[in-house]
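Shown below: coords32.cif, with mmCIF, C-alpha atoms and all ligand atoms.
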```
data_protein
#
loop_
_atom_site.label_atom_id
_atom_site.label_comp_id
_atom_site.auth_asym_id
_atom_site.auth_seq_id
_atom_site.Cartn_x
_atom_site.Cartn_y
_atom_site.Cartn_z
CA MET A 1 14.30 5.53 40.02
CA SER A 2 13.16 7.38 36.95
CA LEU A 3 14.73 6.33 33.69
CA PHE A 4 12.39 7.68 31.07
CA GLN A 5 11.44 11.21 31.96
CA HIS A 6 13.48 12.54 29.08
CA LEU A 7 11.30 10.76 26.53
CA GLU A 8 9.70 12.81 23.78
CA PRO A 9 5.91 12.43 23.94
CA TYR A 10 4.62 10.39 20.98
CA ALA A 11 2.36 12.55 18.86
CA GLY A 12 0.47 9.46 17.72
CA ASP A 13 0.30 8.02 14.23
CA PRO A 14 -1.38 10.31 11.69
CA ILE A 15 -3.41 7.42 10.25
CA LEU A 16 -3.92 4.85 13.01
CA GLY A 17 -4.45 7.59 15.62
CA LEU A 18 -7.18 9.16 13.51
CA ASN A 19 -8.88 5.81 13.04
CA GLU A 20 -8.96 5.41 16.81
CA ALA A 21 -10.34 8.93 17.25
CA PHE A 22 -13.08 7.98 14.78
CA GLN A 23 -14.02 4.92 16.85
CA ARG A 24 -14.40 7.14 19.94
CA ASP A 25 -16.55 9.73 18.13
CA PRO A 26 -20.12 9.27 19.46
CA ARG A 27 -21.87 10.86 16.44
CA PRO A 28 -24.00 8.20 14.71
CA ASP A 29 -23.60 9.69 11.22
CA LYS A 30 -19.79 9.98 11.32
CA VAL A 31 -17.93 8.86 8.17
CA ASN A 32 -14.54 7.13 8.22
CA LEU A 33 -12.48 8.04 5.15
CA SER A 34 -9.21 8.04 7.07
CA ILE A 35 -7.52 4.64 7.16
CA GLY A 36 -6.78 2.56 4.06
CA ILE A 37 -9.41 -0.08 4.70
CA TYR A 38 -12.08 -1.25 2.30
CA PHE A 39 -15.58 -1.02 3.78
CA ASP A 40 -18.56 -2.58 2.04
CA GLU A 41 -21.85 -0.92 1.12
CA GLU A 42 -23.07 -1.44 4.71
CA GLY A 43 -19.96 0.20 6.12
CA ARG A 44 -18.49 -3.08 7.37
CA ILE A 45 -15.09 -4.62 6.80
CA PRO A 46 -16.09 -7.62 4.69
CA VAL A 47 -15.06 -11.19 5.40
CA LEU A 48 -14.48 -12.42 1.86
CA GLU A 49 -16.27 -15.64 1.02
CA ALA A 50 -13.03 -17.16 -0.32
CA VAL A 51 -11.33 -16.40 3.00
CA ARG A 52 -14.26 -17.76 5.01
CA ARG A 53 -14.11 -21.04 3.07
CA ALA A 54 -10.34 -21.23 3.46
CA GLU A 55 -10.70 -20.77 7.22
CA ALA A 56 -13.40 -23.46 7.39
CA ARG A 57 -11.04 -25.89 5.70
CA MET A 58 -8.24 -24.96 8.07
CA LEU A 59 -10.50 -25.73 11.03
CA ASP A 60 -11.48 -29.06 9.47
CA GLU A 61 -7.82 -29.93 9.08
CA GLY A 62 -7.45 -29.79 12.85
CA GLY A 63 -6.10 -26.32 13.36
CA ALA A 64 -2.84 -27.24 15.16
CA LYS A 65 -0.63 -24.20 15.67
CA PRO A 66 3.05 -25.09 15.55
CA TYR A 67 5.65 -22.42 14.78
CA LEU A 68 6.00 -21.82 11.07
CA PRO A 69 9.48 -21.97 9.55
CA ILE A 70 11.29 -18.61 9.74
CA ALA A 71 10.52 -17.95 6.08
CA GLY A 72 6.84 -18.86 6.46
CA LEU A 73 4.56 -21.49 4.98
CA PRO A 74 6.15 -22.92 1.80
CA ALA A 75 2.79 -23.15 0.00
CA ALA A 76 2.05 -19.49 0.81
CA ARG A 77 5.48 -18.41 -0.42
CA ARG A 78 5.03 -20.23 -3.72
CA ALA A 79 1.55 -18.80 -4.12
CA VAL A 80 2.86 -15.26 -3.61
CA GLN A 81 5.42 -15.79 -6.35
CA GLY A 82 2.69 -16.87 -8.77
CA LEU A 83 0.61 -13.85 -7.87
CA LEU A 84 3.45 -11.36 -8.26
CA PHE A 85 5.32 -12.71 -11.25
CA GLY A 86 2.63 -14.76 -13.00
CA ASP A 87 2.71 -18.55 -13.19
CA GLY A 88 5.98 -19.99 -14.44
CA HIS A 89 7.97 -16.74 -14.74
CA ALA A 90 11.56 -17.42 -15.79
CA ALA A 91 13.00 -15.53 -12.82
CA VAL A 92 11.09 -17.79 -10.42
CA ALA A 93 11.80 -20.97 -12.42
CA SER A 94 15.53 -20.23 -12.42
CA GLY A 95 15.60 -19.88 -8.62
CA ARG A 96 16.47 -16.17 -8.68
CA VAL A 97 13.52 -15.12 -6.53
CA VAL A 98 13.42 -15.42 -2.76
CA THR A 99 10.04 -14.97 -1.06
CA LEU A 100 9.39 -14.88 2.67
CA GLN A 101 5.99 -14.74 4.29
CA THR A 102 6.14 -11.73 6.62
CA VAL A 103 4.11 -9.99 9.31
CA GLY A 104 2.02 -7.94 6.90
CA SER A 105 3.85 -6.06 4.21
CA SER A 106 4.99 -3.73 7.00
CA GLY A 107 7.00 -6.62 8.42
CA GLY A 108 8.40 -7.28 4.95
CA LEU A 109 9.35 -3.64 4.42
CA LYS A 110 11.15 -3.52 7.74
CA VAL A 111 12.94 -6.85 7.32
CA GLY A 112 14.09 -5.67 3.89
CA ALA A 113 15.24 -2.35 5.34
CA ASP A 114 17.18 -4.04 8.15
CA PHE A 115 18.77 -6.41 5.63
CA LEU A 116 19.80 -3.52 3.37
CA HIS A 117 21.22 -1.52 6.26
CA ARG A 118 23.47 -4.42 7.11
CA TRP A 119 24.37 -5.77 3.68
CA LEU A 120 24.32 -2.68 1.48
CA PRO A 121 25.94 -0.28 3.96
CA GLY A 122 26.10 3.34 2.88
CA SER A 123 23.11 3.07 0.59
CA GLU A 124 20.35 5.62 1.18
CA VAL A 125 16.71 5.45 0.20
CA TRP A 126 14.63 7.77 -1.95
CA VAL A 127 10.85 7.80 -1.54
CA SER A 128 8.21 9.62 -3.57
CA ASP A 129 7.11 13.09 -2.49
CA PRO A 130 4.66 12.46 -0.88
CA THR A 131 4.50 8.86 0.28
CA TRP A 132 2.93 6.69 2.98
CA ASP A 133 4.20 8.28 6.22
CA ASN A 134 5.44 4.99 7.58
CA HIS A 135 7.94 4.48 4.74
CA ARG A 136 10.13 7.22 6.09
CA ALA A 137 9.72 6.05 9.69
CA MET A 138 10.59 2.45 8.82
CA PHE A 139 13.72 3.17 6.84
CA GLU A 140 14.93 5.77 9.31
CA GLY A 141 14.19 3.27 12.07
CA ALA A 142 16.41 0.79 10.25
CA GLY A 143 19.21 3.38 10.18
CA ILE A 144 18.93 4.27 6.50
CA PRO A 145 18.80 7.98 5.61
CA VAL A 146 15.64 8.86 3.67
CA HIS A 147 15.29 11.41 0.87
CA ALA A 148 12.46 12.25 -1.51
CA TYR A 149 12.22 12.37 -5.30
CA PRO A 150 9.64 14.60 -7.05
CA TYR A 151 6.40 12.75 -7.71
CA TYR A 152 3.04 14.46 -7.32
CA ASP A 153 2.16 17.61 -9.21
CA ALA A 154 -0.05 19.46 -6.74
CA ALA A 155 -1.02 22.14 -9.25
CA GLY A 156 -2.12 19.83 -12.05
CA GLY A 157 -3.03 16.73 -10.05
CA GLY A 158 -0.76 14.45 -12.10
CA LEU A 159 2.71 12.99 -12.00
CA ARG A 160 5.92 15.06 -12.26
CA PHE A 161 7.40 12.30 -14.33
CA ASP A 162 10.20 14.23 -16.02
CA ALA A 163 11.36 15.68 -12.71
CA MET A 164 11.19 12.23 -11.15
CA LEU A 165 13.25 10.72 -13.94
CA GLU A 166 15.79 13.51 -13.73
CA ALA A 167 16.14 13.10 -9.96
CA LEU A 168 16.58 9.34 -10.22
CA SER A 169 19.13 9.82 -13.01
CA ALA A 170 21.29 11.83 -10.64
CA LEU A 171 21.35 9.35 -7.74
CA PRO A 172 24.54 7.62 -6.67
CA PRO A 173 24.81 3.96 -7.72
CA ARG A 174 23.26 1.47 -5.25
CA SER A 175 20.70 3.99 -4.03
CA ILE A 176 17.44 2.38 -2.98
CA VAL A 177 14.37 3.74 -4.78
CA LEU A 178 11.05 3.07 -3.13
CA LEU A 179 8.27 2.82 -5.73
CA HIS A 180 4.56 2.16 -5.23
CA ALA A 181 3.83 -0.66 -7.67
CA CYS A 182 0.20 0.44 -8.06
CA CYS A 183 -2.45 2.63 -6.41
CA HIS A 184 -0.01 5.17 -5.01
CA ASN A 185 -0.65 6.08 -1.38
CA PRO A 186 -1.61 8.87 -0.72
CA THR A 187 -2.13 10.40 -4.17
CA GLY A 188 -3.82 7.69 -6.26
CA VAL A 189 -1.54 8.78 -9.14
CA ASP A 190 0.52 6.05 -10.80
CA PRO A 191 3.04 6.06 -13.66
CA SER A 192 1.55 4.83 -16.93
CA ARG A 193 2.92 1.63 -18.46
CA GLU A 194 4.94 3.69 -20.88
CA GLN A 195 6.41 5.68 -17.97
CA TRP A 196 7.31 2.49 -16.10
CA GLN A 197 9.11 1.34 -19.24
CA ARG A 198 11.06 4.60 -19.32
CA LEU A 199 12.10 4.09 -15.70
CA VAL A 200 13.75 0.73 -16.44
CA PRO A 201 16.86 1.98 -18.28
CA VAL A 202 17.45 4.65 -15.63
CA LEU A 203 17.23 2.07 -12.84
CA ARG A 204 19.57 -0.20 -14.75
CA GLU A 205 22.13 2.35 -15.96
CA ARG A 206 22.34 4.16 -12.64
CA GLU A 207 22.61 0.77 -10.86
CA LEU A 208 19.74 1.65 -8.56
CA LEU A 209 17.93 -0.83 -6.35
CA PRO A 210 14.16 -0.61 -6.81
CA TYR A 211 12.13 -1.44 -3.72
CA LEU A 212 8.50 -1.93 -4.73
CA ASP A 213 5.62 -1.63 -2.28
CA LEU A 214 2.57 -3.54 -3.55
CA ALA A 215 -0.08 -3.06 -0.88
CA TYR A 216 -3.15 -2.63 -3.09
CA GLN A 217 -2.92 -5.37 -5.70
CA GLY A 218 -6.29 -5.68 -7.41
CA TYR A 219 -7.57 -2.21 -6.48
CA GLY A 220 -6.14 -0.47 -9.56
CA ASP A 221 -7.01 -2.31 -12.75
CA GLY A 222 -6.94 -5.98 -11.68
CA ILE A 223 -4.74 -8.50 -9.92
CA ASP A 224 -2.47 -9.23 -12.87
CA GLU A 225 -2.63 -5.72 -14.30
CA ASP A 226 -1.51 -4.25 -10.97
CA ALA A 227 1.56 -6.51 -10.95
CA TYR A 228 2.71 -4.89 -14.20
CA ALA A 229 5.68 -3.07 -12.64
CA VAL A 230 6.86 -6.18 -10.80
CA ARG A 231 6.78 -8.26 -13.98
CA LEU A 232 8.35 -5.50 -16.08
CA LEU A 233 11.36 -5.19 -13.77
CA ALA A 234 11.68 -8.99 -13.57
CA ASP A 235 11.47 -9.29 -17.38
CA ALA A 236 14.16 -6.63 -17.67
CA GLY A 237 16.50 -8.73 -15.53
CA LEU A 238 16.82 -6.15 -12.74
CA SER A 239 17.49 -7.05 -9.12
CA PHE A 240 14.86 -5.60 -6.80
CA PHE A 241 12.75 -5.97 -3.65
CA VAL A 242 8.96 -6.25 -3.44
CA ALA A 243 6.98 -6.00 -0.21
CA SER A 244 3.45 -7.22 -0.89
CA SER A 245 0.33 -7.33 1.22
CA PHE A 246 -2.93 -9.27 1.50
CA SER A 247 -4.35 -6.92 4.14
CA LYS A 248 -6.43 -5.08 1.57
CA SER A 249 -6.75 -7.60 -1.25
CA MET A 250 -8.05 -10.37 1.07
CA SER A 251 -9.54 -8.00 3.68
CA VAL A 252 -7.45 -9.65 6.41
CA TYR A 253 -5.88 -6.55 7.99
CA GLY A 254 -5.39 -7.93 11.49
CA GLU A 255 -4.05 -11.29 10.36
CA ARG A 256 -0.84 -9.61 9.20
CA ALA A 257 -0.56 -11.42 5.87
CA GLY A 258 2.26 -10.17 3.69
CA ALA A 259 5.46 -11.12 1.95
CA LEU A 260 8.89 -9.89 1.00
CA SER A 261 10.35 -11.04 -2.32
CA VAL A 262 13.83 -10.31 -3.59
CA VAL A 263 14.77 -10.86 -7.22
CA CYS A 264 18.49 -11.64 -7.41
CA SER A 265 20.98 -11.99 -10.25
CA ASP A 266 21.21 -15.79 -9.99
CA ALA A 267 20.20 -18.74 -7.82
CA ALA A 268 23.46 -18.78 -5.84
CA GLU A 269 23.02 -15.14 -4.83
CA ALA A 270 19.36 -15.85 -4.04
CA ALA A 271 20.38 -18.59 -1.61
CA LEU A 272 22.67 -16.16 0.24
CA VAL A 273 19.98 -13.49 0.36
CA ASP A 274 17.45 -16.06 1.57
CA GLY A 275 19.73 -17.07 4.43
CA GLN A 276 20.41 -13.54 5.61
CA LEU A 277 16.76 -12.54 5.31
CA GLN A 278 15.91 -15.48 7.53
CA ALA A 279 18.55 -14.38 10.02
CA THR A 280 16.99 -10.91 10.00
CA VAL A 281 13.52 -12.33 10.66
CA ARG A 282 14.77 -14.58 13.44
CA ARG A 283 16.17 -11.67 15.39
CA ASN A 284 13.12 -9.52 14.78
CA TYR A 285 10.01 -11.65 15.31
CA SER A 286 11.29 -15.20 14.79
CA SER A 287 8.61 -16.48 12.42
CA PRO A 288 5.40 -15.22 10.79
CA PRO A 289 1.76 -15.96 11.75
CA ILE A 290 0.42 -19.39 10.84
CA HIS A 291 -3.20 -18.38 10.34
CA ALA A 292 -2.23 -15.74 7.78
CA GLY A 293 -0.05 -18.24 5.94
CA GLY A 294 -2.86 -20.78 5.90
CA ILE A 295 -5.36 -18.31 4.47
CA VAL A 296 -3.01 -17.29 1.67
CA ALA A 297 -2.03 -20.87 0.85
CA HIS A 298 -5.63 -22.10 0.78
CA VAL A 299 -7.16 -19.21 -1.16
CA LEU A 300 -4.43 -19.11 -3.78
CA GLY A 301 -3.69 -22.83 -3.85
CA ASP A 302 -7.19 -23.98 -4.74
CA PRO A 303 -8.32 -23.00 -8.25
CA ALA A 304 -11.96 -22.61 -7.22
CA LEU A 305 -11.18 -20.44 -4.18
CA ARG A 306 -8.70 -18.43 -6.19
CA ALA A 307 -11.30 -17.70 -8.87
CA LEU A 308 -13.84 -16.77 -6.20
CA TRP A 309 -11.32 -14.46 -4.54
CA ARG A 310 -10.51 -12.78 -7.85
CA SER A 311 -14.18 -12.08 -8.45
CA GLU A 312 -14.52 -10.62 -4.95
CA VAL A 313 -11.54 -8.33 -5.55
CA ASP A 314 -13.10 -7.23 -8.85
CA ALA A 315 -16.32 -6.39 -7.03
CA MET A 316 -14.52 -4.31 -4.37
CA ARG A 317 -12.65 -2.39 -7.05
CA ASP A 318 -15.83 -1.75 -9.03
CA ARG A 319 -17.67 -0.53 -5.96
CA ILE A 320 -14.91 1.99 -5.21
CA ARG A 321 -15.06 3.25 -8.78
CA GLY A 322 -18.82 3.68 -8.46
CA MET A 323 -18.27 5.71 -5.29
CA ARG A 324 -15.73 7.91 -7.04
CA ARG A 325 -18.37 8.71 -9.67
CA ALA A 326 -21.06 9.23 -7.03
CA LEU A 327 -19.00 11.69 -5.00
CA HIS A 328 -17.81 13.51 -8.13
CA GLU A 329 -21.38 13.94 -9.31
CA ARG A 330 -22.71 15.05 -5.93
CA VAL A 331 -20.02 17.63 -5.21
CA GLY A 332 -20.42 18.87 -8.80
CA ALA A 333 -24.17 19.30 -8.27
CA ARG A 334 -23.64 21.25 -5.06
CA LEU A 335 -20.81 23.41 -6.39
CA PRO A 336 -21.10 24.03 -10.12
CA GLY A 337 -17.72 25.19 -11.42
CA HIS A 338 -15.82 22.96 -9.04
CA ASP A 339 -14.97 19.93 -11.12
CA LEU A 340 -13.26 17.40 -8.87
CA GLY A 341 -12.03 15.43 -11.87
CA TYR A 342 -9.21 13.96 -9.82
CA LEU A 343 -11.79 11.75 -8.08
CA LEU A 344 -12.28 9.95 -11.38
CA SER A 345 -8.70 9.79 -12.59
CA GLN A 346 -6.98 8.74 -9.35
CA ARG A 347 -6.81 5.03 -8.73
CA GLY A 348 -7.07 2.58 -5.87
CA MET A 349 -8.40 3.30 -2.42
CA PHE A 350 -7.31 6.91 -2.15
CA SER A 351 -7.91 10.34 -3.54
CA TYR A 352 -5.69 13.24 -2.76
CA THR A 353 -8.19 16.04 -2.38
CA GLY A 354 -5.89 19.02 -2.03
CA LEU A 355 -7.95 20.05 1.02
CA SER A 356 -5.87 21.92 3.57
CA PRO A 357 -5.42 20.67 7.15
CA ALA A 358 -7.83 23.41 8.27
CA GLN A 359 -10.46 22.21 5.79
CA VAL A 360 -9.93 18.60 6.83
CA ASP A 361 -10.33 19.65 10.48
CA ARG A 362 -13.56 21.42 9.66
CA MET A 363 -14.97 18.40 7.83
CA ARG A 364 -14.24 16.29 10.88
CA GLU A 365 -15.36 18.75 13.55
CA GLN A 366 -18.48 20.05 11.85
CA PHE A 367 -19.61 17.04 9.81
CA GLY A 368 -17.93 14.04 11.42
CA VAL A 369 -16.23 13.20 8.10
CA TYR A 370 -12.71 11.92 8.77
CA LEU A 371 -9.86 12.34 6.25
CA VAL A 372 -6.11 12.20 6.90
CA ARG A 373 -4.81 15.73 7.47
CA SER A 374 -2.71 15.60 4.31
CA GLY A 375 -6.04 15.72 2.47
CA ARG A 376 -5.99 12.02 1.65
CA MET A 377 -9.46 10.51 1.40
CA CYS A 378 -10.07 6.77 1.52
CA VAL A 379 -12.73 6.51 -1.17
CA ALA A 380 -13.25 2.86 -0.14
CA GLY A 381 -15.04 4.16 2.97
CA LEU A 382 -17.85 5.75 0.94
CA ASN A 383 -21.23 4.09 0.45
CA ALA A 384 -24.73 5.06 -0.68
CA GLY A 385 -25.59 5.97 2.89
CA ASN A 386 -22.73 8.41 3.55
CA VAL A 387 -21.79 9.87 0.18
CA ASP A 388 -24.29 12.74 0.43
CA ARG A 389 -23.04 13.74 3.85
CA THR A 390 -19.48 13.62 2.54
CA ALA A 391 -20.45 15.72 -0.48
CA ASP A 392 -22.17 18.24 1.83
CA ALA A 393 -19.02 18.52 3.93
CA MET A 394 -16.71 18.87 0.94
CA ALA A 395 -18.96 21.40 -0.74
CA ALA A 396 -19.16 23.45 2.46
CA VAL A 397 -15.40 23.69 2.95
CA LEU A 398 -14.73 24.24 -0.76
CA ALA A 399 -17.41 26.91 -1.12
CA ASP A 400 -15.71 29.05 1.50
CA GLU A 401 -12.45 28.76 -0.34
CA GLY A 402 -13.72 29.71 -3.81
CA PRO A 403 -12.56 27.91 -6.94
CA GLY A 404 -8.83 27.37 -7.28
CA PRO A 405 -6.94 28.88 -10.23
CA ASP A 406 -7.40 25.69 -12.27
CA GLY A 407 -10.80 24.78 -10.86
CA ARG A 408 -9.31 22.23 -8.44
N1 LIG B 501 2.37 -0.05 2.19
C1 LIG B 501 1.48 0.90 1.91
C2 LIG B 501 1.71 1.79 0.73
C3 LIG B 501 0.35 1.05 2.72
O1 LIG B 501 -0.52 1.97 2.39
C4 LIG B 501 0.16 0.20 3.84
C5 LIG B 501 -0.98 0.39 4.73
C6 LIG B 501 1.12 -0.79 4.06
C7 LIG B 501 2.22 -0.87 3.23
C8 LIG B 501 1.02 -1.75 5.20
O2 LIG B 501 0.19 -2.82 4.95
P1 LIG B 501 0.22 -4.15 5.85
O3 LIG B 501 0.42 -5.25 4.88
O4 LIG B 501 -1.13 -4.21 6.50
O5 LIG B 501 1.33 -4.06 6.83
N2 LIG B 501 -1.63 1.48 4.74
C9 LIG B 501 -2.84 1.83 5.49
C10 LIG B 501 -2.83 1.44 6.93
C11 LIG B 501 -1.63 1.89 7.70
O6 LIG B 501 -1.27 3.06 7.68
O7 LIG B 501 -1.04 1.01 8.34
C12 LIG B 501 -3.07 3.32 5.31
O8 LIG B 501 -2.27 4.01 4.67
O9 LIG B 501 -4.10 3.81 5.79
#
```

Would you mind writing the file out in structure tokens?
Ligand code: KET
Amino acid sequence: MSLFQHLEPYAGDPILGLNEAFQRDPRPDKVNLSIGIYFDEEGRIPVLEAVRRAEARMLDEGGAKPYLPIAGLPAARRAVQGLLFGDGHAAVASGRVVTLQTVGSSGGLKVGADFLHRWLPGSEVWVSDPTWDNHRAMFEGAGIPVHAYPYYDAAGGGLRFDAMLEALSALPPRSIVLLHACCHNPTGVDPSREQWQRLVPVLRERELLPYLDLAYQGYGDGIDEDAYAVRLLADAGLSFFVASSFSKSMSVYGERAGALSVVCSDAAEAALVDGQLQATVRRNYSSPPIHAGGIVAHVLGDPALRALWRSEVDAMRDRIRGMRRALHERVGARLPGHDLGYLLSQRGMFSYTGLSPAQVDRMREQFGVYLVRSGRMCVAGLNAGNVDRTADAMAAVLADEGPGPDGR
């Protein structure tokens, strides 16, 4: 019996597939700038000291592994609320915010999408052009049609803010608007604070539902600074969703540490939302991982570990910024007239290089330097030992192209 011969072959994931291809590449001097993972100066995924100490305490406590409640570890959920909204925010204090620990922020995004498909039927989602590829896949997978609003200005390297605002202003009420809260993936281009403020009345007057994705908290300007959009929308009294992640900020990718928070209009509505989110989790994956919850609760719940963690996040962010400067300087030295200023102005883990798929292929094939084919570079994969090779590869592919009309 053959049931599945009609299946479409899976082309593989553009990010995870590339990361796997990198692992198989036998060249010793290969450089991984593909996946959104922070590597340290030695090219390793760091185990943060705050996380190591949290795990040591968890072992000391006996390490039993019961099921967590559907909504996750209560201490982790409270800690997430403090991190997102700031300690003692009125929305949290008044019981308007529901937070579930989820299987990474991916789990949170999908649970939120499934919930919206069921309880806000007919609503469609708008994502930035471009966005993380998986946004589209997740919402479509949940049965919600996906559209794009203008975002990145490929010619100037900035934000098409007016076009974005105009597009959002024309959406039907109850449309879902996916927004990257900081460190936009893939472009590294974020709205300014003033632009976020200008978005608020449009979201409110058009009765739109913002769905924030906060996967890189701490990699932009700082942990609190990067929660600016979350706190602004909460201060403005809007209802919205936030999927947040510790994968990058605690360097715990495989633990699947994330959360979904929903800010509601009042505590009674929040209780209903909480219940139906839990029902959604139960029929998806039942309950989230206990080790991830324990790490989050211990690191954020202990003032000393929390302070240590914050300093480690600051150091990761500073190192990335240093690498942005190093690559900018080195490509500039090899190719005078080619000022890759975007490397300095874009924020977070990524730069959007504008390199074509053919140029990206050449960097990989000829130099062993891996970028996503959209031209996205994970700057957090650079270090003193590979930045020259990366600059060589970029200079080689850019030299053949000649300077662009605006020097980009
Ligand atoms: N949102 C965004 C914007 C994002 O870049 C990622 C991961 C996630 C959510 C998922 O995070 P998690 O909490 O681990 O489920 N992005 C990197 C890895 C991936 O594609 O899965 C990346 O873009 O390389």

Distance in Å - atom CA of A:Val360 versus atom CA of A:Ala396 = 11.3 Å

Grab me every residue within 6 Å of ligand LIG 501 (chain B), counting only C-alpha atoms and all ligand atoms, and send it over as a ChimeraX atom specification.
-> /A:15,35-36,104-106,132,185,213,215,245,247,253,258

Contact residues around A:Arg282 with all atoms listed in the file at 10 Å, ignoring same-chain residues under 4 positions, as a PyMOL selection string | chain A and resi 69-71+276-278+286-288

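Minimum atom-to-atom distance to A:Leu33, evaluated using all atoms listed in the file, belongs to A:Asn383 out of A:Asn383, A:Thr280, A:Gln217, A:Ser128.
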
Kindly assemble as CSV a list of the stretch 208-264 of chain A residues that lie within 12 Å of stretch 350-358 of chain A, each paired with its nearest atom pair and their distance in Å to one decimal, using all atoms listed in the file, sorted first by chain and then by ascending residue number.
```
residue,atom,partner,partner_atom,distance
A:Tyr216,CA,A:Phe350,CA,10.4
A:Tyr219,CA,A:Phe350,CA,10.1
A:Gly220,CA,A:Phe350,CA,10.5
```
